[in-house]
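Structure data follow from data_31.cif (mmCIF, C-alpha atoms):
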data_my_file
loop_
_atom_site.group_PDB
_atom_site.id
_atom_site.type_symbol
_atom_site.label_atom_id
_atom_site.label_comp_id
_atom_site.auth_asym_id
_atom_site.auth_seq_id
_atom_site.Cartn_x
_atom_site.Cartn_y
_atom_site.Cartn_z
ATOM 1 C CA MET Y 1 4.075 14.391 -2.491
ATOM 2 C CA GLU Y 2 0.759 16.192 -2.723
ATOM 3 C CA PHE Y 3 -1.794 15.930 -5.527
ATOM 4 C CA ASN Y 4 -4.373 18.386 -6.736
ATOM 5 C CA ILE Y 5 -6.825 17.016 -9.274
ATOM 6 C CA GLY Y 6 -9.311 19.046 -11.340
ATOM 7 C CA MET Y 7 -11.164 18.784 -14.642
ATOM 8 C CA ASP Y 8 -11.345 20.973 -17.721
ATOM 9 C CA GLY Y 9 -13.916 19.313 -19.979
ATOM 10 C CA ASP Y 10 -12.593 15.816 -20.672
ATOM 11 C CA ILE Y 11 -9.105 16.715 -19.490
ATOM 12 C CA VAL Y 12 -7.826 15.831 -16.034
ATOM 13 C CA ILE Y 13 -5.484 18.443 -14.605
ATOM 14 C CA MET Y 14 -3.203 16.899 -12.029
ATOM 15 C CA GLY Y 15 -0.930 19.194 -10.059
ATOM 16 C CA LEU Y 16 1.998 17.723 -8.170
ATOM 17 C CA THR Y 17 3.675 19.403 -5.218
ATOM 18 C CA GLY Y 18 6.924 18.047 -3.824
ATOM 19 C CA ASP Y 19 9.760 16.013 -5.280
ATOM 20 C CA LEU Y 20 9.159 13.322 -7.904
ATOM 21 C CA VAL Y 21 11.732 10.807 -6.710
ATOM 22 C CA ALA Y 22 12.209 7.120 -5.961
ATOM 23 C CA GLY Y 23 10.517 7.527 -2.571
ATOM 24 C CA SER Y 24 7.346 9.075 -4.002
ATOM 25 C CA ILE Y 25 6.753 7.533 -7.429
ATOM 26 C CA GLU Y 26 4.470 4.771 -6.178
ATOM 27 C CA GLU Y 27 1.967 7.424 -5.044
ATOM 28 C CA PHE Y 28 2.132 9.076 -8.453
ATOM 29 C CA LYS Y 29 1.736 5.786 -10.312
ATOM 30 C CA ALA Y 30 -1.238 4.873 -8.097
ATOM 31 C CA GLN Y 31 -2.938 8.196 -8.877
ATOM 32 C CA VAL Y 32 -2.481 7.698 -12.625
ATOM 33 C CA SER Y 33 -3.795 4.128 -12.310
ATOM 34 C CA LYS Y 34 -6.901 5.321 -10.456
ATOM 35 C CA LEU Y 35 -7.636 7.783 -13.250
ATOM 36 C CA THR Y 36 -7.157 5.280 -16.062
ATOM 37 C CA ASP Y 37 -9.339 2.755 -14.201
ATOM 38 C CA LYS Y 38 -12.112 5.347 -14.459
ATOM 39 C CA ASN Y 39 -11.329 5.859 -18.172
ATOM 40 C CA PHE Y 40 -9.773 9.278 -17.695
ATOM 41 C CA VAL Y 41 -6.965 9.009 -20.217
ATOM 42 C CA ASN Y 42 -6.158 12.617 -21.156
ATOM 43 C CA ILE Y 43 -4.082 14.211 -18.426
ATOM 44 C CA LEU Y 44 -2.284 17.492 -18.006
ATOM 45 C CA LEU Y 45 0.412 17.011 -15.383
ATOM 46 C CA GLU Y 46 1.425 20.338 -13.857
ATOM 47 C CA LEU Y 47 5.033 20.175 -12.713
ATOM 48 C CA SER Y 48 5.566 23.800 -11.697
ATOM 49 C CA LYS Y 49 5.566 22.873 -7.998
ATOM 50 C CA VAL Y 50 7.883 19.889 -8.420
ATOM 51 C CA GLY Y 51 11.238 21.062 -7.141
ATOM 52 C CA PHE Y 52 13.334 18.028 -7.974
ATOM 53 C CA MET Y 53 13.073 14.889 -10.087
ATOM 54 C CA ASP Y 54 15.454 11.920 -10.246
ATOM 55 C CA SER Y 55 15.688 9.100 -12.793
ATOM 56 C CA SER Y 56 12.978 7.131 -10.976
ATOM 57 C CA GLY Y 57 10.666 10.129 -11.306
ATOM 58 C CA LEU Y 58 11.551 10.313 -14.977
ATOM 59 C CA GLY Y 59 10.810 6.591 -15.318
ATOM 60 C CA SER Y 60 7.379 7.123 -13.767
ATOM 61 C CA CYS Y 61 6.655 9.884 -16.322
ATOM 62 C CA ILE Y 62 7.687 7.565 -19.170
ATOM 63 C CA ALA Y 63 5.544 4.782 -17.688
ATOM 64 C CA ALA Y 64 2.522 7.116 -17.481
ATOM 65 C CA HIS Y 65 3.112 8.229 -21.081
ATOM 66 C CA LYS Y 66 3.206 4.604 -22.290
ATOM 67 C CA LEU Y 67 0.190 3.569 -20.196
ATOM 68 C CA LEU Y 68 -1.996 6.395 -21.489
ATOM 69 C CA LYS Y 69 -0.796 6.047 -25.062
ATOM 70 C CA GLY Y 70 -1.744 2.371 -24.885
ATOM 71 C CA LYS Y 71 -5.260 3.443 -23.936
ATOM 72 C CA ASN Y 72 -5.450 5.973 -26.791
ATOM 73 C CA GLY Y 73 -4.909 8.739 -24.279
ATOM 74 C CA MET Y 74 -2.217 11.334 -23.751
ATOM 75 C CA ILE Y 75 -0.299 12.925 -20.910
ATOM 76 C CA VAL Y 76 1.168 16.396 -21.310
ATOM 77 C CA PHE Y 77 3.775 17.659 -18.847
ATOM 78 C CA SER Y 78 3.596 21.386 -18.175
ATOM 79 C CA GLN Y 79 5.934 23.964 -16.680
ATOM 80 C CA PRO Y 80 8.859 21.889 -15.424
ATOM 81 C CA ASN Y 81 11.410 24.049 -13.609
ATOM 82 C CA ASP Y 82 15.006 24.251 -14.867
ATOM 83 C CA SER Y 83 16.168 21.301 -12.791
ATOM 84 C CA VAL Y 84 13.316 18.992 -13.843
ATOM 85 C CA GLY Y 85 13.533 20.197 -17.449
ATOM 86 C CA LYS Y 86 17.203 19.308 -17.487
ATOM 87 C CA VAL Y 87 16.457 15.683 -16.563
ATOM 88 C CA PHE Y 88 14.036 15.471 -19.508
ATOM 89 C CA ARG Y 89 16.632 17.074 -21.774
ATOM 90 C CA ILE Y 90 19.792 15.143 -20.910
ATOM 91 C CA THR Y 91 18.007 11.796 -21.166
ATOM 92 C CA ARG Y 92 16.358 12.859 -24.472
ATOM 93 C CA ALA Y 93 12.962 12.141 -22.936
ATOM 94 C CA ASP Y 94 11.954 15.604 -24.157
ATOM 95 C CA GLN Y 95 12.049 14.160 -27.689
ATOM 96 C CA LYS Y 96 9.372 11.641 -26.802
ATOM 97 C CA LEU Y 97 7.220 13.147 -24.053
ATOM 98 C CA ASP Y 98 4.848 16.061 -24.639
ATOM 99 C CA ILE Y 99 6.294 18.899 -22.586
ATOM 100 C CA VAL Y 100 4.945 22.454 -22.676
ATOM 101 C CA THR Y 101 5.873 25.672 -20.912
ATOM 102 C CA SER Y 102 2.373 26.750 -19.870
ATOM 103 C CA LYS Y 103 -0.828 25.184 -18.596
ATOM 104 C CA SER Y 104 -2.842 26.805 -21.409
ATOM 105 C CA ASP Y 105 -0.541 25.298 -24.065
ATOM 106 C CA GLY Y 106 -1.016 21.894 -22.464
ATOM 107 C CA ILE Y 107 -4.802 22.161 -22.411
ATOM 108 C CA LYS Y 108 -4.763 23.333 -26.029
ATOM 109 C CA LYS Y 109 -2.627 20.358 -27.058
ATOM 110 C CA LEU Y 110 -4.945 17.896 -25.334
ATOM 111 C CA GLN Y 111 -8.077 19.578 -26.707
ATOM 112 C CA GLU Y 112 -6.664 19.375 -30.246
ATOM 113 C CA LYS Y 113 -6.014 15.672 -29.767
ATOM 114 C CA ILE Y 114 -9.542 15.042 -28.428
ATOM 115 C CA ILE Y 115 -11.170 17.103 -31.223
ATOM 116 C CA GLY Y 116 -9.083 15.274 -33.834
ATOM 117 C CA GLU Y 117 -10.269 11.919 -32.519
ATOM 118 C CA ARG Y 118 -13.923 13.016 -32.568
ATOM 119 C CA ARG Y 119 -13.604 14.130 -36.191
ATOM 120 C CA GLN Y 120 -12.175 10.747 -37.175
ATOM 121 C CA LYS Y 121 -15.174 9.011 -35.628
ATOM 122 C CA MET J 1 36.692 23.396 8.110
ATOM 123 C CA GLY J 2 33.422 22.355 9.848
ATOM 124 C CA LYS J 3 31.254 23.362 6.947
ATOM 125 C CA LYS J 4 33.442 21.577 4.448
ATOM 126 C CA LYS J 5 32.845 18.030 5.567
ATOM 127 C CA LEU J 6 29.645 16.103 6.083
ATOM 128 C CA ASN J 7 29.204 12.467 7.080
ATOM 129 C CA ILE J 8 25.839 10.776 6.803
ATOM 130 C CA SER J 9 24.868 7.161 7.347
ATOM 131 C CA PHE J 10 21.414 5.749 6.812
ATOM 132 C CA GLU J 11 19.469 2.545 6.380
ATOM 133 C CA PRO J 12 18.650 1.655 2.765
ATOM 134 C CA ASP J 13 15.330 3.407 2.237
ATOM 135 C CA PHE J 14 14.588 5.907 -0.523
ATOM 136 C CA LYS J 15 13.038 8.287 2.027
ATOM 137 C CA ASN J 16 16.451 8.498 3.682
ATOM 138 C CA VAL J 17 17.993 9.441 0.339
ATOM 139 C CA ASP J 18 15.664 12.472 0.257
ATOM 140 C CA ALA J 19 16.917 13.628 3.646
ATOM 141 C CA ALA J 20 20.543 13.032 2.658
ATOM 142 C CA ARG J 21 20.081 15.027 -0.556
ATOM 143 C CA ILE J 22 18.674 17.988 1.382
ATOM 144 C CA SER J 23 21.656 17.912 3.751
ATOM 145 C CA ILE J 24 24.121 17.748 0.845
ATOM 146 C CA ARG J 25 22.394 20.610 -0.984
ATOM 147 C CA ASN J 26 22.301 22.793 2.132
ATOM 148 C CA ARG J 27 25.964 22.178 2.892
ATOM 149 C CA CYS J 28 26.986 23.030 -0.690
ATOM 150 C CA ARG J 29 24.929 26.237 -0.486
ATOM 151 C CA GLN J 30 26.698 27.205 2.742
ATOM 152 C CA VAL J 31 30.111 26.911 1.111
ATOM 153 C CA PHE J 32 29.455 28.103 -2.453
ATOM 154 C CA ASN J 33 27.692 31.260 -3.578
ATOM 155 C CA LYS J 34 24.096 30.180 -4.133
ATOM 156 C CA ASP J 35 23.468 32.653 -6.962
ATOM 157 C CA GLU J 36 26.602 31.675 -8.892
ATOM 158 C CA ALA J 37 26.663 27.951 -8.239
ATOM 159 C CA GLU J 38 23.010 26.963 -7.855
ATOM 160 C CA ALA J 39 22.688 25.159 -11.196
ATOM 161 C CA LEU J 40 25.946 23.276 -10.590
ATOM 162 C CA ILE J 41 24.843 22.382 -7.052
ATOM 163 C CA GLU J 42 21.545 21.022 -8.420
ATOM 164 C CA ASP J 43 23.443 18.904 -10.967
ATOM 165 C CA PHE J 44 25.703 17.585 -8.216
ATOM 166 C CA CYS J 45 22.699 16.815 -5.993
ATOM 167 C CA LEU J 46 20.998 14.904 -8.809
ATOM 168 C CA ALA J 47 24.147 12.847 -9.416
ATOM 169 C CA ALA J 48 24.482 12.236 -5.658
ATOM 170 C CA THR J 49 20.842 11.143 -5.488
ATOM 171 C CA GLU J 50 21.331 8.669 -8.320
ATOM 172 C CA ALA J 51 24.422 7.221 -6.620
ATOM 173 C CA MET J 52 22.588 6.872 -3.293
ATOM 174 C CA ASN J 53 19.500 5.397 -5.002
ATOM 175 C CA ASN J 54 21.711 2.795 -6.683
ATOM 176 C CA ALA J 55 23.208 1.888 -3.316
ATOM 177 C CA VAL J 56 19.731 1.547 -1.774
ATOM 178 C CA GLU J 57 18.414 -0.533 -4.655
ATOM 179 C CA HIS J 58 21.352 -2.736 -5.563
ATOM 180 C CA SER J 59 24.003 -2.939 -2.825
ATOM 181 C CA GLY J 60 22.179 -5.119 -0.332
ATOM 182 C CA ALA J 61 24.036 -3.249 2.409
ATOM 183 C CA LYS J 62 22.387 -2.704 5.783
ATOM 184 C CA VAL J 63 23.884 0.767 6.111
ATOM 185 C CA ILE J 64 24.868 3.310 3.489
ATOM 186 C CA GLU J 65 27.627 5.737 4.370
ATOM 187 C CA VAL J 66 28.033 9.035 2.563
ATOM 188 C CA GLU J 67 30.972 11.424 2.863
ATOM 189 C CA LEU J 68 30.870 14.912 1.393
ATOM 190 C CA LEU J 69 34.082 16.913 1.123
ATOM 191 C CA LEU J 70 34.098 20.493 -0.135
ATOM 192 C CA ASN J 71 37.045 22.727 -0.937
ATOM 193 C CA ASN J 72 37.064 26.183 -2.478
ATOM 194 C CA LYS J 73 36.220 24.902 -5.947
ATOM 195 C CA HIS J 74 35.114 21.281 -5.833
ATOM 196 C CA ALA J 75 32.633 18.938 -4.229
ATOM 197 C CA LEU J 76 33.553 15.304 -3.701
ATOM 198 C CA LEU J 77 31.068 12.675 -2.595
ATOM 199 C CA ARG J 78 31.783 9.100 -1.584
ATOM 200 C CA VAL J 79 29.013 6.521 -1.298
ATOM 201 C CA ILE J 80 30.280 3.572 0.721
ATOM 202 C CA THR J 81 28.508 0.231 1.085
ATOM 203 C CA GLU J 82 29.509 -3.137 2.446
ATOM 204 C CA GLY J 83 28.779 -6.226 0.430
ATOM 205 C CA ALA J 84 29.591 -7.920 -2.823
ATOM 206 C CA LYS J 85 31.504 -6.023 -5.483
ATOM 207 C CA PHE J 86 29.541 -4.053 -7.980
ATOM 208 C CA ASP J 87 30.830 -1.865 -10.732
ATOM 209 C CA PRO J 88 28.962 1.395 -11.161
ATOM 210 C CA THR J 89 31.149 2.304 -14.100
ATOM 211 C CA SER J 90 29.987 -0.676 -16.165
ATOM 212 C CA LYS J 91 26.888 0.939 -17.658
ATOM 213 C CA THR J 92 27.673 4.555 -18.330
ATOM 214 C CA ALA J 93 25.670 5.203 -21.500
ATOM 215 C CA LEU J 94 22.153 6.527 -21.283
ATOM 216 C CA PRO J 95 19.573 4.106 -22.712
ATOM 217 C CA GLY J 96 18.363 4.794 -26.242
ATOM 218 C CA PHE J 97 15.019 4.514 -27.974
ATOM 219 C CA ASP J 98 13.668 1.023 -28.613
ATOM 220 C CA LYS J 99 12.284 -0.281 -31.915
ATOM 221 C CA ALA J 100 8.931 1.318 -31.169
ATOM 222 C CA GLY J 101 10.689 4.646 -30.662
ATOM 223 C CA GLU J 102 10.074 4.644 -26.912
ATOM 224 C CA LEU J 103 12.477 5.083 -24.030
ATOM 225 C CA PRO J 104 12.725 2.469 -21.275
ATOM 226 C CA GLU J 105 11.386 3.279 -17.824
ATOM 227 C CA GLY J 106 14.688 2.667 -16.077
ATOM 228 C CA GLY J 107 18.425 2.401 -16.496
ATOM 229 C CA PHE J 108 19.143 6.141 -16.597
ATOM 230 C CA GLY J 109 20.881 6.552 -13.243
ATOM 231 C CA LEU J 110 24.514 5.871 -14.104
ATOM 232 C CA GLY J 111 24.274 7.706 -17.405
ATOM 233 C CA ILE J 112 22.927 10.764 -15.590
ATOM 234 C CA ILE J 113 25.749 10.596 -13.057
ATOM 235 C CA HIS J 114 28.415 10.414 -15.737
ATOM 236 C CA GLY J 115 26.780 13.260 -17.636
ATOM 237 C CA LEU J 116 26.616 15.611 -14.674
ATOM 238 C CA VAL J 117 29.874 15.227 -12.757
ATOM 239 C CA ASP J 118 33.455 15.793 -13.848
ATOM 240 C CA ARG J 119 34.933 12.556 -12.515
ATOM 241 C CA THR J 120 33.824 9.258 -11.015
ATOM 242 C CA ASN J 121 35.845 6.505 -9.417
ATOM 243 C CA TYR J 122 35.029 3.069 -8.062
ATOM 244 C CA GLU J 123 37.094 1.064 -5.577
ATOM 245 C CA TYR J 124 36.532 -2.110 -3.600
ATOM 246 C CA VAL J 125 38.474 -1.710 -0.368
ATOM 247 C CA ASN J 126 38.359 -3.985 2.701
ATOM 248 C CA GLY J 127 35.042 -5.473 1.671
ATOM 249 C CA LYS J 128 33.483 -2.092 0.920
ATOM 250 C CA ASN J 129 32.338 -0.554 -2.346
ATOM 251 C CA VAL J 130 33.441 3.073 -2.586
ATOM 252 C CA PHE J 131 31.866 5.091 -5.404
ATOM 253 C CA THR J 132 33.255 8.620 -5.688
ATOM 254 C CA LEU J 133 31.789 11.556 -7.589
ATOM 255 C CA GLU J 134 33.614 14.833 -8.088
ATOM 256 C CA LYS J 135 32.386 18.082 -9.583
ATOM 257 C CA ARG J 136 33.733 21.593 -9.834
ATOM 258 C CA LEU J 137 31.203 23.991 -8.330
ATOM 259 C CA LYS J 138 33.124 27.224 -8.837
#
How would this structure read if it were set down as structure tokens?
Amino acid sequence: MEFNIGMDGDIVIMGLTGDLVAGSIEEFKAQVSKLTDKNFVNILLELSKVGFMDSSGLGSCIAAHKLLKGKNGMIVFSQPNDSVGKVFRITRADQKLDIVTSKSDGIKKLQEKIIGERRQK
Amino acid sequence: MGKKKLNISFEPDFKNVDAARISIRNRCRQVFNKDEAEALIEDFCLAATEAMNNAVEHSGAKVIEVELLLNNKHALLRVITEGAKFDPTSKTALPGFDKAGELPEGGFGLGIIHGLVDRTNYEYVNGKNVFTLEKRLK
């Protein structure tokens, strides 16, 4: 599994390349942990280059969602392919996770959340 | 007939499941028309992965044996492990939302298998667990 990490304002854009499966989820979890340790809690996870995801990969996405939500952050999952999207759908995780079909939609969603929080303060 | 049967055995490590999945997918693609059956092959590979992951995680076996049999319409996969009996048909429902409206982080594997294949079967024969998945690919 390969990671590509960039920033767009306060948003971390993490691109994954490879399969998100039982054998690779520890790397993914460690990357998310590193980011939250540095108080980066708004993440766009680009899945367009993830070819395959199993239930362990799904579990790691749910874990990241819960971790970031607990820190008043948010993770948005963008551009899953048909196979990965199906795992989200059949498990009904798509009803709970924020999943978008384009990177720009994901950034917009995160920006709206950040702007909303600033207004409340 | 050579293309229609595949036997794999591996030590219980998730990295080995990845290699086994690639072999299963490639063999299915050799036998079935990739353009027509690709989505069904992917479903079968996901179910196979979940079955092999369960064997790695829960069986305690030192070796996991996998048999793939293909005919003109169907794929059949057997995951065979030595050790104590386990019943992979005991928890077939996918987990639901908890009181906080969240999903758990695990427990999806068997539900996914049962949702993606046409038939499953479990036997305990001569001290071995045999979990069989069958799916029509054409």
Notebook entry, point to check: Between Y:Val41, Y:Val76, Y:Asn81, Y:Lys109, which has the minimum distance to Asp19 (chain Y) (counting all atoms listed in the file)?
Noted result: Y:Asn81
Margin query: I'd like the neighbourhood of Lys4 (chain J) as a ChimeraX atom specification, where a residue qualifies if any of its atoms comes within 7 Å (using only C-alpha atoms), though same-chain residues fewer than 6 positions away should be ignored.
Written below: /J:69-71
Notebook entry, point to check: Contacts of region 73-90 of chain J at 10 Å or less, counting only C-alpha atoms, minus same-chain residues fewer than 5 places along, as number ranges by chain?
Noted result: J: 4-9, 24, 28, 31-32, 41, 44-45, 47-48, 51-52, 54-56, 58-68, 109-111, 113-114, 117-138
Check: So what does the PyMOL selection byres ((chain Y) within 10 of (chain J)) actually pick up in this one, as a PyMOL selection string?
Finding: chain Y and resi 19+21-24+52-66+82-83+86-87+90-93+95-97
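One distance worth recording is that between CA of Val50 (chain Y) and CA of Val84 (chain Y), which is 7.7 Å.
Here CA of Ile13 (chain Y) and CA of Ile43 (chain Y) stand 5.9 Å from one another.
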Note to self: Please determine, counting all atoms listed in the file, which residue among Y:Leu44, Y:Glu117, Y:Pro80, Y:Leu67 has the shortest atom-to-atom distance to Ser104 (chain Y).
What the structure shows: Y:Leu44
Report, as lines of an AutoDock Vina configuration file, the axis-aligned box around all atoms of region 5-13 of chain J present in the file, extended by 6 Å on each side; give centre and edge lengths in Å to one decimal place.
center_x = 24.1
center_y = 9.8
center_z = 4.8
size_x = 29.5
size_y = 28.4
size_z = 17.1
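Relative to CA of Gln31 (chain Y), CA of Ile115 (chain Y) is found at 25.4 Å.
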